[in-house]
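Pasting my_file-v5.pdb here (PDB, C-alpha atoms):
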ATOM      1  CA  MET A   1      34.642   3.079  -9.866
ATOM      2  CA  ALA A   2      35.199   4.087  -6.282
ATOM      3  CA  ASP A   3      34.441   0.547  -5.163
ATOM      4  CA  TYR A   4      36.790  -1.082  -7.689
ATOM      5  CA  LYS A   5      38.430  -4.051  -6.071
ATOM      6  CA  GLU A   6      41.249  -5.600  -8.081
ATOM      7  CA  ALA A   7      41.563  -9.351  -8.572
ATOM      8  CA  PRO A   8      43.929 -11.041  -6.120
ATOM      9  CA  LEU A   9      47.471 -11.154  -7.594
ATOM     10  CA  ALA A  10      46.532  -8.564 -10.234
ATOM     11  CA  THR A  11      47.530  -4.905 -10.024
ATOM     12  CA  ARG A  12      45.399  -1.876  -9.386
ATOM     13  CA  PRO A  13      45.099   0.504 -12.354
ATOM     14  CA  ARG A  14      47.572   3.308 -11.998
ATOM     15  CA  THR A  15      44.871   5.971 -12.160
ATOM     16  CA  LEU A  16      43.233   4.489  -9.048
ATOM     17  CA  ASP A  17      46.487   4.096  -7.109
ATOM     18  CA  PRO A  18      46.594   6.706  -4.311
ATOM     19  CA  ASN A  19      50.396   6.538  -4.058
ATOM     20  CA  ASP A  20      50.600   8.142  -7.473
ATOM     21  CA  TYR A  21      48.825  11.244  -6.184
ATOM     22  CA  PHE A  22      49.647  11.611  -2.501
ATOM     23  CA  ASN A  23      52.993  10.085  -1.523
ATOM     24  CA  LEU A  24      55.240  11.822  -4.041
ATOM     25  CA  SER A  25      58.541  12.985  -2.553
ATOM     26  CA  GLN A  26      62.029  14.089  -3.493
ATOM     27  CA  GLU A  27      63.480  10.726  -2.510
ATOM     28  CA  LYS A  28      61.121   8.973  -4.878
ATOM     29  CA  ARG A  29      62.116  11.302  -7.660
ATOM     30  CA  ARG A  30      65.811  10.723  -6.961
ATOM     31  CA  ALA A  31      65.290   6.953  -6.908
ATOM     32  CA  ASP A  32      63.490   7.102 -10.252
ATOM     33  CA  GLU A  33      66.341   9.103 -11.708
ATOM     34  CA  GLU A  34      68.945   6.616 -10.462
ATOM     35  CA  ARG A  35      67.009   3.781 -12.023
ATOM     36  CA  ALA A  36      66.752   5.733 -15.267
ATOM     37  CA  ALA A  37      70.525   6.252 -15.187
ATOM     38  CA  LEU A  38      71.136   2.502 -14.846
ATOM     39  CA  ARG A  39      68.674   1.848 -17.650
ATOM     40  CA  ALA A  40      70.322   4.430 -19.902
ATOM     41  CA  ASN A  41      73.736   2.902 -19.295
ATOM     42  CA  LEU A  42      72.499  -0.533 -20.310
ATOM     43  CA  LYS A  43      70.761   0.942 -23.329
ATOM     44  CA  ARG A  44      74.000   2.644 -24.357
ATOM     45  CA  GLN A  45      75.949  -0.612 -24.098
ATOM     46  CA  TYR A  46      73.349  -2.494 -26.104
ATOM     47  CA  LEU A  47      73.026   0.090 -28.862
ATOM     48  CA  THR A  48      76.802   0.391 -29.188
ATOM     49  CA  GLN A  49      77.029  -3.325 -29.829
ATOM     50  CA  LEU A  50      73.926  -3.368 -32.014
ATOM     51  CA  ASN A  51      75.040  -0.570 -34.332
ATOM     52  CA  ASN A  52      78.634  -1.747 -34.596
ATOM     53  CA  PRO A  53      79.078  -2.339 -38.372
ATOM     54  CA  SER A  54      81.919  -4.795 -37.909
ATOM     55  CA  ARG A  55      80.046  -7.033 -35.458
ATOM     56  CA  THR A  56      79.497 -10.544 -36.754
ATOM     57  CA  GLU A  57      78.457 -12.421 -33.615
ATOM     58  CA  LEU A  58      75.231 -12.384 -31.556
ATOM     59  CA  ILE A  59      74.938  -9.891 -28.706
ATOM     60  CA  GLU A  60      75.206 -11.901 -25.501
ATOM     61  CA  ASP A  61      72.876 -10.848 -22.688
ATOM     62  CA  PRO A  62      74.494 -11.436 -19.254
ATOM     63  CA  ALA A  63      71.142 -10.989 -17.497
ATOM     64  CA  LEU A  64      69.716 -13.842 -19.549
ATOM     65  CA  THR A  65      72.779 -15.992 -18.808
ATOM     66  CA  ARG A  66      72.389 -15.311 -15.096
ATOM     67  CA  TRP A  67      68.683 -16.162 -15.191
ATOM     68  CA  VAL A  68      69.240 -19.440 -17.013
ATOM     69  CA  TYR A  69      72.117 -20.341 -14.681
ATOM     70  CA  ALA A  70      70.065 -19.506 -11.574
ATOM     71  CA  ARG A  71      67.076 -21.559 -12.748
ATOM     72  CA  ALA A  72      69.239 -24.518 -13.734
ATOM     73  CA  ASN A  73      71.391 -24.632 -10.574
ATOM     74  CA  PRO A  74      69.251 -24.351  -7.453
ATOM     75  CA  PHE A  75      70.858 -27.356  -5.807
ATOM     76  CA  PRO A  76      74.027 -25.626  -4.424
ATOM     77  CA  HIS A  77      71.719 -23.340  -2.426
ATOM     78  CA  PHE A  78      69.322 -26.086  -1.380
ATOM     79  CA  ARG A  79      69.034 -26.879   2.307
ATOM     80  CA  PRO A  80      66.704 -29.502   3.740
ATOM     81  CA  THR A  81      64.338 -27.575   6.024
ATOM     82  CA  PHE A  82      60.850 -28.300   7.255
ATOM     83  CA  LYS A  83      59.264 -26.529   4.305
ATOM     84  CA  THR A  84      61.435 -28.045   1.592
ATOM     85  CA  SER A  85      61.104 -31.534   3.080
ATOM     86  CA  LEU A  86      57.351 -31.137   3.268
ATOM     87  CA  LEU A  87      57.162 -30.018  -0.354
ATOM     88  CA  GLY A  88      59.376 -32.899  -1.424
ATOM     89  CA  ILE A  89      57.231 -35.423   0.402
ATOM     90  CA  VAL A  90      53.910 -33.980  -0.778
ATOM     91  CA  PHE A  91      54.890 -33.793  -4.423
ATOM     92  CA  GLY A  92      57.340 -36.680  -4.678
ATOM     93  CA  VAL A  93      56.446 -39.435  -2.255
ATOM     94  CA  VAL A  94      52.704 -39.083  -1.589
ATOM     95  CA  PRO A  95      51.466 -39.387  -5.206
ATOM     96  CA  LEU A  96      53.685 -42.406  -5.800
ATOM     97  CA  VAL A  97      52.561 -44.258  -2.699
ATOM     98  CA  THR A  98      48.851 -43.408  -2.946
ATOM     99  CA  LEU A  99      48.656 -44.365  -6.609
ATOM    100  CA  TYR A 100      50.434 -47.638  -5.858
ATOM    101  CA  TYR A 101      47.934 -48.476  -3.133
ATOM    102  CA  ILE A 102      44.917 -47.416  -5.205
ATOM    103  CA  PHE A 103      45.909 -49.460  -8.222
ATOM    104  CA  LYS A 104      47.004 -52.450  -6.176
ATOM    105  CA  THR A 105      43.779 -52.710  -4.150
ATOM    106  CA  ASP A 106      41.615 -52.154  -7.230
ATOM    107  CA  ARG A 107      43.387 -54.834  -9.208
ATOM    108  CA  ASP A 108      43.421 -57.272  -6.290
ATOM    109  CA  ARG A 109      39.683 -56.782  -5.899
ATOM    110  CA  LYS A 110      39.126 -57.417  -9.609
ATOM    111  CA  GLU A 111      41.347 -60.511  -9.498
ATOM    112  CA  ALA A 112      39.428 -61.886  -6.512
ATOM    113  CA  GLN A 113      36.149 -61.292  -8.337
ATOM    114  CA  ILE A 114      37.427 -63.081 -11.444
ATOM    115  CA  LYS A 115      38.629 -66.037  -9.357
ATOM    116  CA  ALA A 116      35.244 -66.201  -7.637
ATOM    117  CA  GLY A 117      33.499 -65.917 -10.997
ATOM    118  CA  THR A 118      31.419 -62.851 -10.095
ATOM    119  CA  ARG A 119      33.016 -60.441 -12.544
ATOM    120  CA  ASP A 120      31.043 -59.660 -15.706
ATOM    121  CA  ARG A 121      33.639 -60.219 -18.478
ATOM    122  CA  LYS A 122      31.965 -59.283 -21.701
ATOM    123  CA  PHE A 123      34.977 -58.725 -23.973
ATOM    124  CA  ASN A 124      36.894 -61.827 -25.051
ATOM    125  CA  LEU A 125      40.617 -61.651 -25.706
ATOM    126  CA  ALA A 126      40.357 -64.636 -28.090
ATOM    127  CA  TYR A 127      37.469 -66.445 -29.679
TER     128      TYR A 127
ATOM    129  CA  MET B   1      98.121 -25.830 -13.649
ATOM    130  CA  ALA B   2      96.018 -28.564 -12.184
ATOM    131  CA  GLY B   3      93.350 -25.995 -11.367
ATOM    132  CA  VAL B   4      92.995 -25.098 -15.036
ATOM    133  CA  GLY B   5      90.274 -27.629 -15.664
ATOM    134  CA  PHE B   6      89.624 -30.336 -18.195
ATOM    135  CA  ARG B   7      87.606 -28.072 -20.506
ATOM    136  CA  ARG B   8      90.472 -25.726 -21.315
ATOM    137  CA  TRP B   9      92.840 -28.647 -21.869
ATOM    138  CA  ALA B  10      90.388 -30.159 -24.340
ATOM    139  CA  GLN B  11      89.999 -26.843 -26.167
ATOM    140  CA  THR B  12      93.747 -26.223 -26.470
ATOM    141  CA  LEU B  13      94.623 -29.705 -27.586
ATOM    142  CA  THR B  14      91.990 -29.678 -30.302
ATOM    143  CA  LYS B  15      93.240 -26.310 -31.590
ATOM    144  CA  GLY B  16      96.428 -28.073 -32.558
ATOM    145  CA  ARG B  17      98.772 -25.033 -32.640
ATOM    146  CA  GLY B  18     101.687 -24.210 -30.327
ATOM    147  CA  VAL B  19     100.273 -20.848 -29.211
ATOM    148  CA  GLY B  20      97.379 -22.594 -27.488
ATOM    149  CA  ILE B  21      99.610 -24.783 -25.330
ATOM    150  CA  SER B  22     101.766 -21.915 -24.070
ATOM    151  CA  ALA B  23      98.721 -19.811 -23.247
ATOM    152  CA  LEU B  24      97.254 -22.783 -21.410
ATOM    153  CA  LEU B  25     100.406 -23.317 -19.353
ATOM    154  CA  SER B  26     100.641 -19.663 -18.322
ATOM    155  CA  GLY B  27      96.932 -19.488 -17.480
ATOM    156  CA  ALA B  28      96.130 -16.544 -19.775
ATOM    157  CA  ARG B  29      92.529 -16.260 -20.959
ATOM    158  CA  ALA B  30      90.664 -13.999 -23.394
ATOM    159  CA  ALA B  31      88.795 -11.004 -21.963
ATOM    160  CA  SER B  32      85.585 -11.868 -23.835
ATOM    161  CA  GLY B  33      82.733 -13.979 -22.520
ATOM    162  CA  ALA B  34      81.201 -14.035 -19.040
ATOM    163  CA  SER B  35      83.597 -13.156 -16.222
ATOM    164  CA  LYS B  36      83.869 -15.179 -13.060
ATOM    165  CA  GLY B  37      81.852 -12.948 -10.748
ATOM    166  CA  SER B  38      78.934 -12.361 -13.078
ATOM    167  CA  LEU B  39      76.980 -15.550 -12.356
ATOM    168  CA  PRO B  40      74.488 -15.936  -9.475
ATOM    169  CA  GLY B  41      76.023 -16.934  -6.159
ATOM    170  CA  PRO B  42      75.015 -17.762  -2.608
ATOM    171  CA  TYR B  43      72.757 -15.649  -0.401
ATOM    172  CA  PRO B  44      74.487 -12.357   0.523
ATOM    173  CA  THR B  45      75.110 -11.997   4.264
ATOM    174  CA  THR B  46      77.175  -8.796   4.670
ATOM    175  CA  PRO B  47      76.193  -5.350   3.326
ATOM    176  CA  ALA B  48      79.280  -5.425   1.094
ATOM    177  CA  GLU B  49      78.065  -8.645  -0.493
ATOM    178  CA  ARG B  50      74.621  -7.112  -0.974
ATOM    179  CA  ALA B  51      76.095  -4.081  -2.707
ATOM    180  CA  ALA B  52      78.216  -6.290  -4.965
ATOM    181  CA  ALA B  53      75.194  -8.438  -5.818
ATOM    182  CA  ALA B  54      73.075  -5.357  -6.584
ATOM    183  CA  LYS B  55      75.790  -4.081  -8.906
ATOM    184  CA  LYS B  56      76.031  -7.489 -10.575
ATOM    185  CA  TYR B  57      72.300  -7.591 -11.299
ATOM    186  CA  ASN B  58      72.170  -3.929 -12.451
ATOM    187  CA  LEU B  59      69.905  -2.875  -9.587
ATOM    188  CA  ARG B  60      70.099  -0.037  -7.066
ATOM    189  CA  VAL B  61      71.336  -1.179  -3.653
ATOM    190  CA  GLU B  62      68.034  -0.024  -2.126
ATOM    191  CA  ASP B  63      66.020  -1.877  -4.780
ATOM    192  CA  TYR B  64      67.954  -5.136  -4.455
ATOM    193  CA  GLU B  65      66.029  -7.616  -2.317
ATOM    194  CA  PRO B  66      67.135 -11.267  -2.432
ATOM    195  CA  TYR B  67      64.701 -14.088  -1.831
ATOM    196  CA  PRO B  68      64.581 -15.143   1.834
ATOM    197  CA  ASP B  69      67.223 -17.720   2.671
ATOM    198  CA  ASN B  70      64.943 -20.704   3.297
ATOM    199  CA  GLY B  71      66.936 -23.328   1.428
ATOM    200  CA  GLN B  72      64.669 -23.419  -1.617
ATOM    201  CA  GLY B  73      67.572 -22.825  -3.984
ATOM    202  CA  PHE B  74      67.291 -19.131  -4.931
ATOM    203  CA  GLY B  75      70.742 -18.021  -3.758
ATOM    204  CA  ASP B  76      71.267 -14.289  -4.254
ATOM    205  CA  TYR B  77      68.852 -13.927  -7.161
ATOM    206  CA  PRO B  78      66.812 -10.713  -6.728
ATOM    207  CA  LYS B  79      63.136 -10.792  -5.808
ATOM    208  CA  LEU B  80      61.477  -8.574  -8.415
ATOM    209  CA  PRO B  81      57.807  -7.519  -8.199
ATOM    210  CA  ASP B  82      55.415 -10.175  -9.492
ATOM    211  CA  ARG B  83      54.269  -8.229 -12.526
ATOM    212  CA  SER B  84      53.529  -9.697 -15.930
ATOM    213  CA  GLN B  85      55.008  -8.345 -19.164
ATOM    214  CA  HIS B  86      51.448  -7.443 -20.166
ATOM    215  CA  GLU B  87      51.651  -4.470 -17.828
ATOM    216  CA  ARG B  88      54.659  -2.849 -19.471
ATOM    217  CA  ASP B  89      54.274   0.145 -21.732
ATOM    218  CA  PRO B  90      53.366  -1.075 -25.220
ATOM    219  CA  TRP B  91      54.529   2.175 -26.820
ATOM    220  CA  TYR B  92      58.066   2.383 -25.392
ATOM    221  CA  GLN B  93      60.915   1.316 -27.672
ATOM    222  CA  TRP B  94      61.979  -1.891 -25.931
ATOM    223  CA  ASP B  95      65.126  -3.662 -27.136
ATOM    224  CA  HIS B  96      63.076  -6.867 -27.415
ATOM    225  CA  PRO B  97      59.568  -5.614 -28.250
ATOM    226  CA  ASP B  98      57.754  -8.962 -28.062
ATOM    227  CA  LEU B  99      59.124  -9.598 -24.578
ATOM    228  CA  ARG B 100      58.811  -5.913 -23.554
ATOM    229  CA  ARG B 101      62.266  -6.108 -22.058
ATOM    230  CA  ASN B 102      65.526  -4.191 -22.425
ATOM    231  CA  TRP B 103      68.940  -5.763 -22.809
ATOM    232  CA  GLY B 104      70.650  -6.341 -19.472
ATOM    233  CA  GLU B 105      67.493  -5.842 -17.426
ATOM    234  CA  PRO B 106      67.239  -8.333 -14.514
ATOM    235  CA  MET B 107      64.718 -11.041 -15.326
ATOM    236  CA  HIS B 108      62.062 -12.208 -12.899
ATOM    237  CA  TRP B 109      62.598 -15.738 -11.566
ATOM    238  CA  ASN B 110      59.308 -16.725 -13.247
ATOM    239  CA  PHE B 111      59.935 -14.686 -16.391
ATOM    240  CA  ASP B 112      58.795 -17.485 -18.682
ATOM    241  CA  MET B 113      55.462 -17.507 -16.858
ATOM    242  CA  TYR B 114      54.964 -13.741 -17.185
ATOM    243  CA  ILE B 115      55.479 -13.456 -20.964
ATOM    244  CA  ARG B 116      52.665 -12.067 -23.027
ATOM    245  CA  ASN B 117      51.325 -15.460 -24.089
ATOM    246  CA  ARG B 118      50.855 -16.599 -20.509
ATOM    247  CA  VAL B 119      49.943 -15.236 -17.086
ATOM    248  CA  ASP B 120      48.539 -11.712 -17.117
ATOM    249  CA  THR B 121      48.560  -9.633 -13.940
ATOM    250  CA  SER B 122      47.340  -6.404 -15.517
ATOM    251  CA  PRO B 123      44.314  -4.682 -13.947
ATOM    252  CA  THR B 124      40.985  -6.186 -14.993
ATOM    253  CA  PRO B 125      38.441  -3.851 -16.630
ATOM    254  CA  VAL B 126      35.703  -5.045 -14.276
ATOM    255  CA  SER B 127      36.143  -5.240 -10.525
ATOM    256  CA  TRP B 128      36.647  -8.575  -8.774
ATOM    257  CA  ASN B 129      33.267  -8.510  -7.017
ATOM    258  CA  SER B 130      31.434  -7.862 -10.261
ATOM    259  CA  MET B 131      33.278 -10.714 -12.009
ATOM    260  CA  CYS B 132      32.529 -13.141  -9.175
ATOM    261  CA  LYS B 133      28.867 -12.189  -9.135
ATOM    262  CA  GLN B 134      28.509 -12.621 -12.890
ATOM    263  CA  LEU B 135      30.280 -15.978 -13.075
ATOM    264  CA  PHE B 136      28.768 -17.639 -10.029
ATOM    265  CA  GLY B 137      25.387 -16.083 -10.768
ATOM    266  CA  PHE B 138      25.336 -17.635 -14.221
ATOM    267  CA  ILE B 139      26.571 -21.021 -13.034
ATOM    268  CA  GLY B 140      24.129 -21.013 -10.123
ATOM    269  CA  PHE B 141      21.206 -20.080 -12.373
ATOM    270  CA  MET B 142      22.034 -22.826 -14.880
ATOM    271  CA  LEU B 143      22.395 -25.457 -12.151
ATOM    272  CA  PHE B 144      19.087 -24.377 -10.640
ATOM    273  CA  MET B 145      17.302 -24.608 -13.997
ATOM    274  CA  PHE B 146      18.767 -28.071 -14.680
ATOM    275  CA  TYR B 147      17.534 -29.187 -11.275
ATOM    276  CA  ILE B 148      14.039 -27.855 -12.050
ATOM    277  CA  GLY B 149      14.183 -29.798 -15.330
ATOM    278  CA  GLU B 150      14.945 -33.000 -13.432
ATOM    279  CA  VAL B 151      12.060 -32.501 -11.038
ATOM    280  CA  PHE B 152       9.522 -31.459 -13.727
ATOM    281  CA  PRO B 153      10.548 -33.258 -16.928
ATOM    282  CA  ALA B 154       8.939 -32.151 -20.199
ATOM    283  CA  TYR B 155       9.081 -34.572 -23.160
ATOM    284  CA  GLN B 156       6.752 -36.353 -25.617
ATOM    285  CA  PRO B 157       5.059 -39.382 -24.041
ATOM    286  CA  VAL B 158       6.563 -42.709 -25.188
ATOM    287  CA  ALA B 159       5.698 -46.329 -24.587
ATOM    288  CA  PRO B 160       7.393 -49.685 -25.447
ATOM    289  CA  LYS B 161       6.839 -50.793 -29.056
ATOM    290  CA  GLN B 162       3.800 -53.045 -29.546
ATOM    291  CA  TYR B 163       4.008 -55.973 -32.005
ATOM    292  CA  PRO B 164       1.075 -57.605 -33.897
ATOM    293  CA  TYR B 165       0.244 -61.354 -34.330
ATOM    294  CA  ASN B 166       0.158 -62.062 -30.627
ATOM    295  CA  ASN B 167       3.498 -60.342 -29.986
ATOM    296  CA  LEU B 168       5.009 -62.112 -33.057
ATOM    297  CA  TYR B 169       4.387 -65.557 -31.621
ATOM    298  CA  LEU B 170       5.381 -67.513 -34.746
ATOM    299  CA  GLU B 171       8.344 -65.275 -35.633
ATOM    300  CA  ARG B 172       9.720 -65.743 -32.143
ATOM    301  CA  GLY B 173       9.870 -69.477 -32.633
ATOM    302  CA  GLY B 174       6.502 -70.429 -31.199
ATOM    303  CA  ASP B 175       4.986 -73.867 -31.989
ATOM    304  CA  PRO B 176       2.716 -73.570 -35.153
ATOM    305  CA  GLU B 177       0.400 -76.405 -33.958
ATOM    306  CA  LYS B 178      -0.292 -74.910 -30.564
ATOM    307  CA  GLN B 179      -2.790 -72.110 -30.249
ATOM    308  CA  PRO B 180      -1.090 -69.050 -28.699
ATOM    309  CA  GLU B 181      -2.831 -67.049 -26.032
ATOM    310  CA  GLU B 182      -4.606 -63.974 -27.345
ATOM    311  CA  VAL B 183      -2.677 -60.709 -26.757
ATOM    312  CA  LYS B 184      -4.583 -57.465 -27.115
ATOM    313  CA  ASN B 185      -2.385 -54.321 -27.300
ATOM    314  CA  TYR B 186      -5.284 -51.899 -27.739
ATOM    315  CA  GLU B 187      -8.308 -50.629 -25.911
ATOM    316  CA  ILE B 188     -11.459 -49.474 -27.633
TER     317      ILE B 188
END
Show me, as structure tokens, the structure contained in the file I just sent.
Amino acid sequence: MADYKEAPLATRPRTLDPNDYFNLSQEKRRADEERAALRANLKRQYLTQLNNPSRTELIEDPALTRWVYARANPFPHFRPTFKTSLLGIVFGVVPLVTLYYIFKTDRDRKEAQIKAGTRDRKFNLAY
Amino acid sequence: MAGVGFRRWAQTLTKGRGVGISALLSGARAASGASKGSLPGPYPTTPAERAAAAKKYNLRVEDYEPYPDNGQGFGDYPKLPDRSQHERDPWYQWDHPDLRRNWGEPMHWNFDMYIRNRVDTSPTPVSWNSMCKQLFGFIGFMLFMFYIGEVFPAYQPVAPKQYPYNNLYLERGGDPEKQPEEVKNYEI
């Protein structure tokens, strides 16, 4: 397993991660404890609401609200830059225009063939 | 009063009682529901704004990293590590066990992609090189064998069907008076 190479975009197994063995420090420990404190606070808030016997409504999750709001409202933070314009053109304009040209030339070619009588039309629309 | 907004006017007028109108005119609101500063906002520029945003998203100030301000519409939403929910501890008591997420935890921008029915970034049991070799080896071998089969085909010999009576001369509308030419479909 010494030559284990993880897939791109996947994670390395934690047992093969050298940071777990070598780069441990007090700061890391303190950071982990601060994160655990934040997590415990949120857990306390949630469990208080969950176990409240007189609660009748759903427990609203502000993190979920923020996520939905952020995903639904990117436009106030949109700025036309080189990258965003390029993406817009590549995904919005190019498919439209290329498909128009492909279909138009193909159909014009077929129409010209029909007018010249060279097209093999086997299937009748009416008998 | 003009800054109150159409929504609150509509709500008070439909309530139909006097208390609603006086509360509307004085601008008093209930303390429940999302507060004004709790929604995502624009990209934070000053350290004070960064600290406020980190507090809003329940992250440490050192952990909070917004997406780069390139105009793609992220605002101040935090950039969390691109890890799928498959990787989270299956044995911990999550608040939402199927999503492996706790209440109030900041959600990844692509959270709906990283749920357990979809993209999985957990470590693969076999290394990348081994997987590539197996897949492309198999595909390459099959393509090579199909090519060999094209070059050296192996099937039962067939020929066009042979008909008796001079290739069915009369059945094909030949003249009964005329003598057809003799057709021999065999060799002895």
Review point. Once you count only C-alpha atoms, which residues end up no further than 12 Å from (63.7, -11.2, -16.0) in the file's frame, shown as a ChimeraX atom specification?
Key: /A:61-68,70-71 /B:57-58,77-85,99-115
Exercise for review: Dump as a PyMOL selection string the residues of chain A that approach chain B to within 9 Å, counting all atoms listed in the file.
Suggested key: chain A and resi 1+3-14+31+34-35+38-39+42-43+45-47+60-67+69-71+73-81+83-84
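The space separating atom CA of A:Asp32 from atom CA of B:Tyr67 comes to 22.8 Å.
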Study note, to complete from the structure: In Å and to one decimal, atom CA of A:Asp120 is distant from atom CA of A:Arg107 by 14.8 Å
Exercise for review: Tell me, in Å to one decimal, how far atom CA of B:Asn166 is from atom CA of B:Lys184.
Suggested key: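 Between atom CA of B:Asn166 and atom CA of B:Lys184 the gap works out to 7.5 Å.
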